[in-house]
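Source file final.pdb; content: PDB, C-alpha atoms, pLDDT in the B column.
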ATOM      1  CA  MET T 291     112.575 145.181 115.183  1.00 37.00           C
ATOM      2  CA  LYS T 292     109.151 145.969 113.727  1.00 38.00           C
ATOM      3  CA  PHE T 293     109.179 142.658 111.865  1.00 38.00           C
ATOM      4  CA  GLN T 294     110.001 140.748 115.027  1.00 45.00           C
ATOM      5  CA  THR T 295     107.211 142.511 116.917  1.00 46.00           C
ATOM      6  CA  LYS T 296     104.700 141.677 114.187  1.00 46.00           C
ATOM      7  CA  SER T 297     105.918 138.088 114.122  1.00 52.00           C
ATOM      8  CA  LYS T 298     105.438 137.776 117.883  1.00 53.00           C
ATOM      9  CA  LYS T 299     101.910 139.150 117.562  1.00 46.00           C
ATOM     10  CA  VAL T 300     101.115 136.659 114.808  1.00 47.00           C
ATOM     11  CA  ASN T 301     102.530 133.757 116.818  1.00 61.00           C
ATOM     12  CA  LYS T 302     100.616 134.858 119.915  1.00 52.00           C
ATOM     13  CA  ALA T 303      97.391 135.113 117.902  1.00 45.00           C
ATOM     14  CA  TRP T 304      97.947 131.653 116.379  1.00 41.00           C
ATOM     15  CA  LEU T 305      98.672 130.138 119.791  1.00 50.00           C
ATOM     16  CA  HIS T 306      95.560 131.739 121.261  1.00 44.00           C
ATOM     17  CA  GLY T 307      93.446 130.454 118.377  1.00 52.00           C
ATOM     18  CA  HIS T 308      94.969 126.980 118.631  1.00 54.00           C
ATOM     19  CA  ILE T 309      94.381 126.664 122.365  1.00 63.00           C
ATOM     20  CA  ASN T 310      90.777 127.782 122.002  1.00 75.00           C
ATOM     21  CA  ASP T 311      90.087 125.661 118.923  1.00 90.00           C
ATOM     22  CA  PRO T 312      87.167 123.344 119.792  1.00 94.00           C
ATOM     23  CA  TYR T 313      88.720 120.454 117.854  1.00 95.00           C
ATOM     24  CA  VAL T 314      92.001 120.840 119.735  1.00 95.00           C
ATOM     25  CA  LYS T 315      90.027 120.651 122.970  1.00 95.00           C
ATOM     26  CA  MET T 316      88.118 117.601 121.720  1.00 96.00           C
ATOM     27  CA  ALA T 317      91.357 115.874 120.693  1.00 95.00           C
ATOM     28  CA  LYS T 318      92.805 116.428 124.148  1.00 94.00           C
ATOM     29  CA  ARG T 319      89.601 115.165 125.755  1.00 94.00           C
ATOM     30  CA  ASP T 320      89.377 112.076 123.540  1.00 93.00           C
ATOM     31  CA  GLY T 321      93.066 111.241 123.639  1.00 93.00           C
ATOM     32  CA  TYR T 322      93.875 111.887 119.981  1.00 95.00           C
ATOM     33  CA  ARG T 323      97.306 113.155 119.063  1.00 96.00           C
ATOM     34  CA  ALA T 324      95.954 115.792 116.683  1.00 96.00           C
ATOM     35  CA  ARG T 325      92.690 117.481 115.720  1.00 95.00           C
ATOM     36  CA  ALA T 326      93.068 115.862 112.275  1.00 96.00           C
ATOM     37  CA  ALA T 327      91.360 112.758 113.668  1.00 97.00           C
ATOM     38  CA  TYR T 328      88.026 114.556 113.353  1.00 97.00           C
ATOM     39  CA  LYS T 329      88.578 115.226 109.659  1.00 97.00           C
ATOM     40  CA  LEU T 330      88.792 111.506 108.979  1.00 98.00           C
ATOM     41  CA  LYS T 331      85.925 110.834 111.382  1.00 97.00           C
ATOM     42  CA  GLU T 332      83.654 113.218 109.465  1.00 97.00           C
ATOM     43  CA  ILE T 333      84.697 111.770 106.101  1.00 98.00           C
ATOM     44  CA  ASP T 334      83.994 108.272 107.404  1.00 97.00           C
ATOM     45  CA  GLU T 335      80.635 109.165 108.911  1.00 96.00           C
ATOM     46  CA  GLU T 336      79.469 110.817 105.695  1.00 96.00           C
ATOM     47  CA  HIS T 337      80.710 108.154 103.275  1.00 97.00           C
ATOM     48  CA  LYS T 338      80.788 104.982 105.448  1.00 96.00           C
ATOM     49  CA  LEU T 339      84.310 104.001 104.389  1.00 97.00           C
ATOM     50  CA  PHE T 340      85.662 101.867 107.222  1.00 97.00           C
ATOM     51  CA  LYS T 341      84.528  98.503 108.542  1.00 95.00           C
ATOM     52  CA  PRO T 342      86.248  96.030 110.870  1.00 93.00           C
ATOM     53  CA  GLY T 343      88.286  93.442 108.981  1.00 96.00           C
ATOM     54  CA  GLN T 344      89.574  95.801 106.303  1.00 98.00           C
ATOM     55  CA  VAL T 345      93.147  96.387 105.178  1.00 98.00           C
ATOM     56  CA  VAL T 346      93.897 100.123 105.327  1.00 98.00           C
ATOM     57  CA  ILE T 347      97.039 102.052 104.382  1.00 98.00           C
ATOM     58  CA  ASP T 348      97.628 105.374 106.157  1.00 98.00           C
ATOM     59  CA  LEU T 349     100.056 107.565 104.202  1.00 98.00           C
ATOM     60  CA  GLY T 350     101.523 110.645 105.862  1.00 97.00           C
ATOM     61  CA  ALA T 351     100.485 109.195 109.190  1.00 98.00           C
ATOM     62  CA  ALA T 352     102.502 111.176 111.759  1.00 97.00           C
ATOM     63  CA  PRO T 353     101.722 112.035 114.477  1.00 97.00           C
ATOM     64  CA  GLY T 354      99.230 109.172 114.220  1.00 97.00           C
ATOM     65  CA  ALA T 355      95.748 110.642 114.766  1.00 97.00           C
ATOM     66  CA  TRP T 356      94.258 108.978 111.671  1.00 98.00           C
ATOM     67  CA  SER T 357      95.704 105.614 112.652  1.00 97.00           C
ATOM     68  CA  GLN T 358      94.310 106.127 116.146  1.00 95.00           C
ATOM     69  CA  TYR T 359      90.848 106.713 114.691  1.00 95.00           C
ATOM     70  CA  LEU T 360      91.141 103.629 112.473  1.00 96.00           C
ATOM     71  CA  ARG T 361      92.331 101.565 115.445  1.00 94.00           C
ATOM     72  CA  ARG T 362      89.179 102.508 117.309  1.00 92.00           C
ATOM     73  CA  ARG T 363      86.991 101.675 114.332  1.00 92.00           C
ATOM     74  CA  PHE T 364      88.526  98.221 114.099  1.00 92.00           C
ATOM     75  CA  ALA T 365      88.021  97.410 117.775  1.00 84.00           C
ATOM     76  CA  PRO T 366      84.914  99.396 118.722  1.00 63.00           C
ATOM     77  CA  LYS T 367      83.893  97.139 121.613  1.00 65.00           C
ATOM     78  CA  GLU T 368      87.308  97.320 123.234  1.00 54.00           C
ATOM     79  CA  ALA T 369      88.027 101.014 122.832  1.00 52.00           C
ATOM     80  CA  GLY T 370      90.126 102.388 125.621  1.00 51.00           C
ATOM     81  CA  ILE T 371      91.386 105.794 126.609  1.00 48.00           C
ATOM     82  CA  GLY T 372      94.386 107.442 125.011  1.00 47.00           C
ATOM     83  CA  GLY T 373      93.001 107.794 121.509  1.00 49.00           C
ATOM     84  CA  ALA T 374      93.460 104.193 120.440  1.00 49.00           C
ATOM     85  CA  ALA T 375      91.619 100.996 121.140  1.00 57.00           C
ATOM     86  CA  VAL T 376      93.267  98.181 123.026  1.00 62.00           C
ATOM     87  CA  GLY T 377      93.055  94.444 122.737  1.00 69.00           C
ATOM     88  CA  LYS T 378      92.143  92.476 119.638  1.00 80.00           C
ATOM     89  CA  LEU T 379      92.409  94.326 116.319  1.00 89.00           C
ATOM     90  CA  ASN T 380      89.894  93.207 113.698  1.00 92.00           C
ATOM     91  CA  GLY T 381      91.650  94.434 110.582  1.00 95.00           C
ATOM     92  CA  THR T 382      95.034  95.560 109.306  1.00 97.00           C
ATOM     93  CA  ILE T 383      96.429  99.084 109.529  1.00 98.00           C
ATOM     94  CA  ILE T 384      99.785  99.902 107.955  1.00 98.00           C
ATOM     95  CA  SER T 385     100.949 103.478 108.401  1.00 98.00           C
ATOM     96  CA  LEU T 386     103.865 105.295 106.806  1.00 98.00           C
ATOM     97  CA  ASP T 387     105.547 108.638 107.282  1.00 98.00           C
ATOM     98  CA  LEU T 388     108.892 110.314 106.802  1.00 96.00           C
ATOM     99  CA  LEU T 389     108.763 111.406 110.449  1.00 96.00           C
ATOM    100  CA  GLU T 390     108.847 109.260 113.556  1.00 96.00           C
ATOM    101  CA  CYS T 391     105.511 108.204 114.991  1.00 97.00           C
ATOM    102  CA  GLU T 392     104.892 106.963 118.510  1.00 96.00           C
ATOM    103  CA  PRO T 393     103.711 103.339 118.350  1.00 95.00           C
ATOM    104  CA  ILE T 394     100.007 102.494 118.340  1.00 94.00           C
ATOM    105  CA  GLU T 395      99.071  99.021 119.505  1.00 91.00           C
ATOM    106  CA  GLY T 396      98.465  96.740 116.523  1.00 92.00           C
ATOM    107  CA  VAL T 397      99.372  99.334 113.873  1.00 96.00           C
ATOM    108  CA  GLN T 398     102.355  98.477 111.681  1.00 97.00           C
ATOM    109  CA  PHE T 399     104.417 101.631 111.139  1.00 98.00           C
ATOM    110  CA  ILE T 400     107.045 102.198 108.437  1.00 98.00           C
ATOM    111  CA  GLN T 401     109.281 105.248 108.683  1.00 98.00           C
ATOM    112  CA  GLY T 402     110.487 106.470 105.322  1.00 97.00           C
ATOM    113  CA  ASP T 403     109.839 108.601 102.268  1.00 96.00           C
ATOM    114  CA  PHE T 404     106.919 107.349 100.172  1.00 96.00           C
ATOM    115  CA  GLN T 405     108.766 108.720  97.145  1.00 94.00           C
ATOM    116  CA  ASP T 406     111.697 106.359  97.816  1.00 96.00           C
ATOM    117  CA  GLU T 407     111.443 103.141  95.810  1.00 96.00           C
ATOM    118  CA  SER T 408     112.977 101.067  98.612  1.00 97.00           C
ATOM    119  CA  VAL T 409     110.389 102.363 101.092  1.00 97.00           C
ATOM    120  CA  LEU T 410     107.594 101.597  98.646  1.00 96.00           C
ATOM    121  CA  GLN T 411     108.950  98.073  98.251  1.00 97.00           C
ATOM    122  CA  LEU T 412     109.010  97.663 102.042  1.00 98.00           C
ATOM    123  CA  LEU T 413     105.376  98.774 102.208  1.00 98.00           C
ATOM    124  CA  GLU T 414     104.451  96.303  99.483  1.00 97.00           C
ATOM    125  CA  SER T 415     106.319  93.467 101.206  1.00 97.00           C
ATOM    126  CA  THR T 416     104.502  94.285 104.467  1.00 97.00           C
ATOM    127  CA  LEU T 417     101.227  93.914 102.590  1.00 97.00           C
ATOM    128  CA  ALA T 418     102.382  90.451 101.526  1.00 95.00           C
ATOM    129  CA  GLY T 419     100.038  90.340  98.564  1.00 95.00           C
ATOM    130  CA  ARG T 420      96.903  91.294 100.495  1.00 97.00           C
ATOM    131  CA  PRO T 421      94.548  93.561  98.529  1.00 97.00           C
ATOM    132  CA  VAL T 422      93.811  96.919 100.146  1.00 98.00           C
ATOM    133  CA  ASP T 423      90.324  98.158 101.012  1.00 98.00           C
ATOM    134  CA  VAL T 424      91.130 101.811 101.648  1.00 98.00           C
ATOM    135  CA  VAL T 425      94.145 104.079 101.196  1.00 98.00           C
ATOM    136  CA  VAL T 426      94.063 107.329 103.175  1.00 98.00           C
ATOM    137  CA  SER T 427      96.614 110.026 102.473  1.00 98.00           C
ATOM    138  CA  ASP T 428      97.239 113.117 104.550  1.00 96.00           C
ATOM    139  CA  MET T 429     100.606 113.602 102.878  1.00 95.00           C
ATOM    140  CA  ALA T 430     101.872 117.102 102.207  1.00 86.00           C
ATOM    141  CA  PRO T 431     105.360 118.231 101.171  1.00 80.00           C
ATOM    142  CA  ASN T 432     107.435 120.899 102.855  1.00 75.00           C
ATOM    143  CA  LEU T 433     106.234 124.056 101.112  1.00 69.00           C
ATOM    144  CA  SER T 434     108.626 126.629  99.704  1.00 65.00           C
ATOM    145  CA  GLY T 435     106.106 129.419  99.184  1.00 66.00           C
ATOM    146  CA  ILE T 436     106.729 129.307  95.434  1.00 65.00           C
ATOM    147  CA  GLU T 437     103.319 128.383  94.039  1.00 65.00           C
ATOM    148  CA  GLY T 438     104.433 126.522  90.910  1.00 67.00           C
ATOM    149  CA  CYS T 439     107.073 124.517  92.770  1.00 78.00           C
ATOM    150  CA  ASP T 440     104.751 123.676  95.654  1.00 74.00           C
ATOM    151  CA  ALA T 441     101.930 122.647  93.299  1.00 78.00           C
ATOM    152  CA  ALA T 442     104.283 120.252  91.531  1.00 87.00           C
ATOM    153  CA  ARG T 443     105.389 118.698  94.828  1.00 88.00           C
ATOM    154  CA  ILE T 444     101.800 118.270  96.007  1.00 89.00           C
ATOM    155  CA  SER T 445     100.731 116.770  92.682  1.00 94.00           C
ATOM    156  CA  GLY T 446     103.695 114.407  92.699  1.00 94.00           C
ATOM    157  CA  LEU T 447     102.736 112.911  96.060  1.00 95.00           C
ATOM    158  CA  ILE T 448      99.090 112.521  95.079  1.00 96.00           C
ATOM    159  CA  GLU T 449     100.016 110.920  91.768  1.00 96.00           C
ATOM    160  CA  LEU T 450     102.124 108.384  93.677  1.00 96.00           C
ATOM    161  CA  ALA T 451      99.169 107.643  95.968  1.00 97.00           C
ATOM    162  CA  VAL T 452      96.932 107.129  92.931  1.00 98.00           C
ATOM    163  CA  ASP T 453      99.505 104.859  91.306  1.00 97.00           C
ATOM    164  CA  PHE T 454      99.832 102.811  94.501  1.00 98.00           C
ATOM    165  CA  SER T 455      96.042 102.555  94.686  1.00 98.00           C
ATOM    166  CA  GLN T 456      95.825 101.324  91.103  1.00 97.00           C
ATOM    167  CA  ARG T 457      98.247  98.552  91.964  1.00 97.00           C
ATOM    168  CA  HIS T 458      96.935  97.464  95.345  1.00 98.00           C
ATOM    169  CA  LEU T 459      93.314  98.487  95.905  1.00 98.00           C
ATOM    170  CA  LYS T 460      90.477  96.039  95.538  1.00 97.00           C
ATOM    171  CA  GLN T 461      88.310  96.804  92.530  1.00 96.00           C
ATOM    172  CA  ASP T 462      85.746  98.446  94.815  1.00 97.00           C
ATOM    173  CA  GLY T 463      88.433 100.056  96.990  1.00 98.00           C
ATOM    174  CA  VAL T 464      88.701 103.684  98.045  1.00 98.00           C
ATOM    175  CA  LEU T 465      91.383 106.372  98.037  1.00 98.00           C
ATOM    176  CA  VAL T 466      91.022 109.436 100.278  1.00 98.00           C
ATOM    177  CA  SER T 467      93.621 112.105  99.597  1.00 98.00           C
ATOM    178  CA  LYS T 468      94.252 115.598 100.874  1.00 96.00           C
ATOM    179  CA  VAL T 469      94.598 118.154  98.092  1.00 94.00           C
ATOM    180  CA  PHE T 470      94.876 121.934  97.985  1.00 91.00           C
ATOM    181  CA  HIS T 471      92.909 124.399  95.923  1.00 88.00           C
ATOM    182  CA  GLY T 472      95.142 126.356  93.608  1.00 84.00           C
ATOM    183  CA  SER T 473      97.486 125.564  90.757  1.00 83.00           C
ATOM    184  CA  GLY T 474      97.135 121.942  89.663  1.00 90.00           C
ATOM    185  CA  TYR T 475      93.888 121.262  91.546  1.00 93.00           C
ATOM    186  CA  ASN T 476      91.715 120.739  88.468  1.00 95.00           C
ATOM    187  CA  GLU T 477      94.279 118.351  86.990  1.00 95.00           C
ATOM    188  CA  LEU T 478      94.187 116.244  90.161  1.00 96.00           C
ATOM    189  CA  VAL T 479      90.395 116.099  90.025  1.00 97.00           C
ATOM    190  CA  ASP T 480      90.674 114.937  86.410  1.00 97.00           C
ATOM    191  CA  LEU T 481      93.207 112.290  87.473  1.00 97.00           C
ATOM    192  CA  PHE T 482      90.759 110.956  90.068  1.00 98.00           C
ATOM    193  CA  LYS T 483      87.910 110.976  87.544  1.00 98.00           C
ATOM    194  CA  SER T 484      89.982 109.007  85.055  1.00 97.00           C
ATOM    195  CA  THR T 485      90.935 106.474  87.750  1.00 98.00           C
ATOM    196  CA  PHE T 486      87.787 105.974  89.817  1.00 98.00           C
ATOM    197  CA  LYS T 487      84.142 105.293  89.019  1.00 98.00           C
ATOM    198  CA  LYS T 488      82.949 107.823  91.588  1.00 98.00           C
ATOM    199  CA  VAL T 489      84.755 110.944  92.786  1.00 98.00           C
ATOM    200  CA  LYS T 490      83.569 113.075  95.684  1.00 98.00           C
ATOM    201  CA  THR T 491      85.006 116.111  97.415  1.00 97.00           C
ATOM    202  CA  ILE T 492      84.636 117.129 101.038  1.00 97.00           C
ATOM    203  CA  LYS T 493      86.016 119.859 103.256  1.00 96.00           C
ATOM    204  CA  PRO T 494      85.419 118.610 106.793  1.00 96.00           C
ATOM    205  CA  LYS T 495      84.272 121.068 109.432  1.00 94.00           C
ATOM    206  CA  ALA T 496      87.460 120.228 111.336  1.00 94.00           C
ATOM    207  CA  SER T 497      89.492 121.679 108.471  1.00 92.00           C
ATOM    208  CA  ARG T 498      90.294 125.282 109.340  1.00 87.00           C
ATOM    209  CA  ASP T 499      88.409 127.876 107.303  1.00 82.00           C
ATOM    210  CA  ARG T 500      91.603 129.643 106.266  1.00 83.00           C
ATOM    211  CA  SER T 501      93.115 126.414 104.936  1.00 86.00           C
ATOM    212  CA  SER T 502      92.893 125.704 101.209  1.00 88.00           C
ATOM    213  CA  GLU T 503      92.879 121.967 101.875  1.00 93.00           C
ATOM    214  CA  THR T 504      90.067 119.711 100.782  1.00 95.00           C
ATOM    215  CA  PHE T 505      89.803 115.957 100.358  1.00 97.00           C
ATOM    216  CA  LEU T 506      89.198 113.958  97.209  1.00 98.00           C
ATOM    217  CA  ILE T 507      87.530 110.560  97.560  1.00 98.00           C
ATOM    218  CA  GLY T 508      87.871 108.064  94.738  1.00 98.00           C
ATOM    219  CA  ILE T 509      85.556 105.046  94.957  1.00 98.00           C
ATOM    220  CA  GLY T 510      85.877 101.922  92.795  1.00 98.00           C
ATOM    221  CA  LEU T 511      88.666 101.559  90.268  1.00 98.00           C
ATOM    222  CA  LYS T 512      87.767 101.840  86.624  1.00 96.00           C
ATOM    223  CA  ALA T 513      88.699  98.681  84.727  1.00 87.00           C
ATOM    224  CA  GLN T 514      91.330 100.429  82.621  1.00 79.00           C
ATOM    225  CA  ALA T 515      92.897 101.959  85.750  1.00 77.00           C
ATOM    226  CA  ILE T 516      93.711  98.650  87.443  1.00 79.00           C
ATOM    227  CA  VAL T 517      97.409  97.841  87.255  1.00 75.00           C
ATOM    228  CA  ALA T 518      98.849  94.472  88.282  1.00 61.00           C
ATOM    229  CA  ALA T 519     101.305  94.882  91.144  1.00 53.00           C
ATOM    230  CA  ASP T 520     103.916  92.673  89.490  1.00 49.00           C
ATOM    231  CA  GLN T 521     103.962  94.538  86.186  1.00 51.00           C
TER     232      GLN T 521
END

What does this structure look like when you write it as structure tokens?
Amino acid sequence: MKFQTKSKKVNKAWLHGHINDPYVKMAKRDGYRARAAYKLKEIDEEHKLFKPGQVVIDLGAAPGAWSQYLRRRFAPKEAGIGGAAVGKLNGTIISLDLLECEPIEGVQFIQGDFQDESVLQLLESTLAGRPVDVVVSDMAPNLSGIEGCDAARISGLIELAVDFSQRHLKQDGVLVSKVFHGSGYNELVDLFKSTFKKVKTIKPKASRDRSSETFLIGIGLKAQAIVAADQ
């Protein structure tokens, strides 16, 4: 019974903190599905990543807040309420997640596991040979609480995102990926440094202080890192 009481207190404290979170309030006001939209917004504003006309892949997209932000960026003059722009879309946004995602006008959504070869092939066929300007990844595995196992799962997803980027990004393209400080973090930084000409890190203000998440930004593929998609 003591454990249940403590659990209820923790849940009540989390709910109170969530409701009073300024980014949660902003997301509700601005029509975004999640506060995560402001993480991507801050990354974009600091590094000037997105421009109308680009091809962008959104990995780990559900519930869709990042795609909503991108949709607005690609139709800034026609932005409507509800977190996503309406009307003509100047650019291409392809989003993917294992979970369902409510449709966003103009965004092509693929439901499936990025680790599944058939899903990856579907994503590549949707691209139809178009080179990608930016890949954004908010992917995270279901965590077990076992540090070594969780670190391996996290690294595996990020390595797949890097591999996809090597095959499909333009030479001056960008990969933005969520990572976590802890076991395996330094190896992931080294992977980015061996793949991209420039590597930057950022922990957006919208990222909760207690979270170990940060974001790695790889800019411009190194010549030896480029892999032909048909190899």

Can you give me, as a PyMOL selection string, the residues this file yields under the PyMOL selection byres ((chain T and resi 503-505) around 8)?
chain T and resi 466-471+491-494+497+501-502+506-507

Would you save the residues from that selection as a compact mmCIF listing (two decimals), keeping the file's coordinate frame, using C-alpha atoms?
# COMPACT_ATOMS: atom_id res chain seq x y z
CA VAL T 466 91.02 109.44 100.28
CA SER T 467 93.62 112.10 99.60
CA LYS T 468 94.25 115.60 100.87
CA VAL T 469 94.60 118.15 98.09
CA PHE T 470 94.88 121.93 97.98
CA HIS T 471 92.91 124.40 95.92
CA THR T 491 85.01 116.11 97.42
CA ILE T 492 84.64 117.13 101.04
CA LYS T 493 86.02 119.86 103.26
CA PRO T 494 85.42 118.61 106.79
CA SER T 497 89.49 121.68 108.47
CA SER T 501 93.12 126.41 104.94
CA SER T 502 92.89 125.70 101.21
CA LEU T 506 89.20 113.96 97.21
CA ILE T 507 87.53 110.56 97.56

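As for atom CA of T:Ala430 and atom CA of T:Leu389, they are spaced 12.2 Å apart.
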
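Nearest residue to T:Gln411, choosing from T:Gly321, T:Lys488, T:Phe454, T:Arg500 and counting all atoms listed in the file: T:Phe454.
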
So how many Å separate atom CA of T:Pro342 and atom CA of T:Ala326, to one decimal?
21.0 Å

Please identify all polymer residues lying at most 10 Å from the point (87.7, 94.6, 110.3) (file coordinates), using all atoms listed in the file, and present the result as an MDAnalysis selection string.
chainID T and resid 340:346 360:361 363:365 379:383

Write out as an NGL selection string each polymer residue whose atoms come within 10 Å of T:Leu410, counting all atoms listed in the file; drop sequence neighbours fewer than 5 positions from it.
:T and (386 or 400 or 402-405 or 415-416 or 454)

How big is the axis-aligned box, and where does its centre sit, when it encloses all atoms of stretch 456-472 of chain T listed in the file and has 8 Å added on every side, reported in Å to one decimal as lines of an AutoDock Vina configuration file?
center_x = 92.0
center_y = 111.2
center_z = 96.0
size_x = 28.5
size_y = 46.3
size_z = 25.8
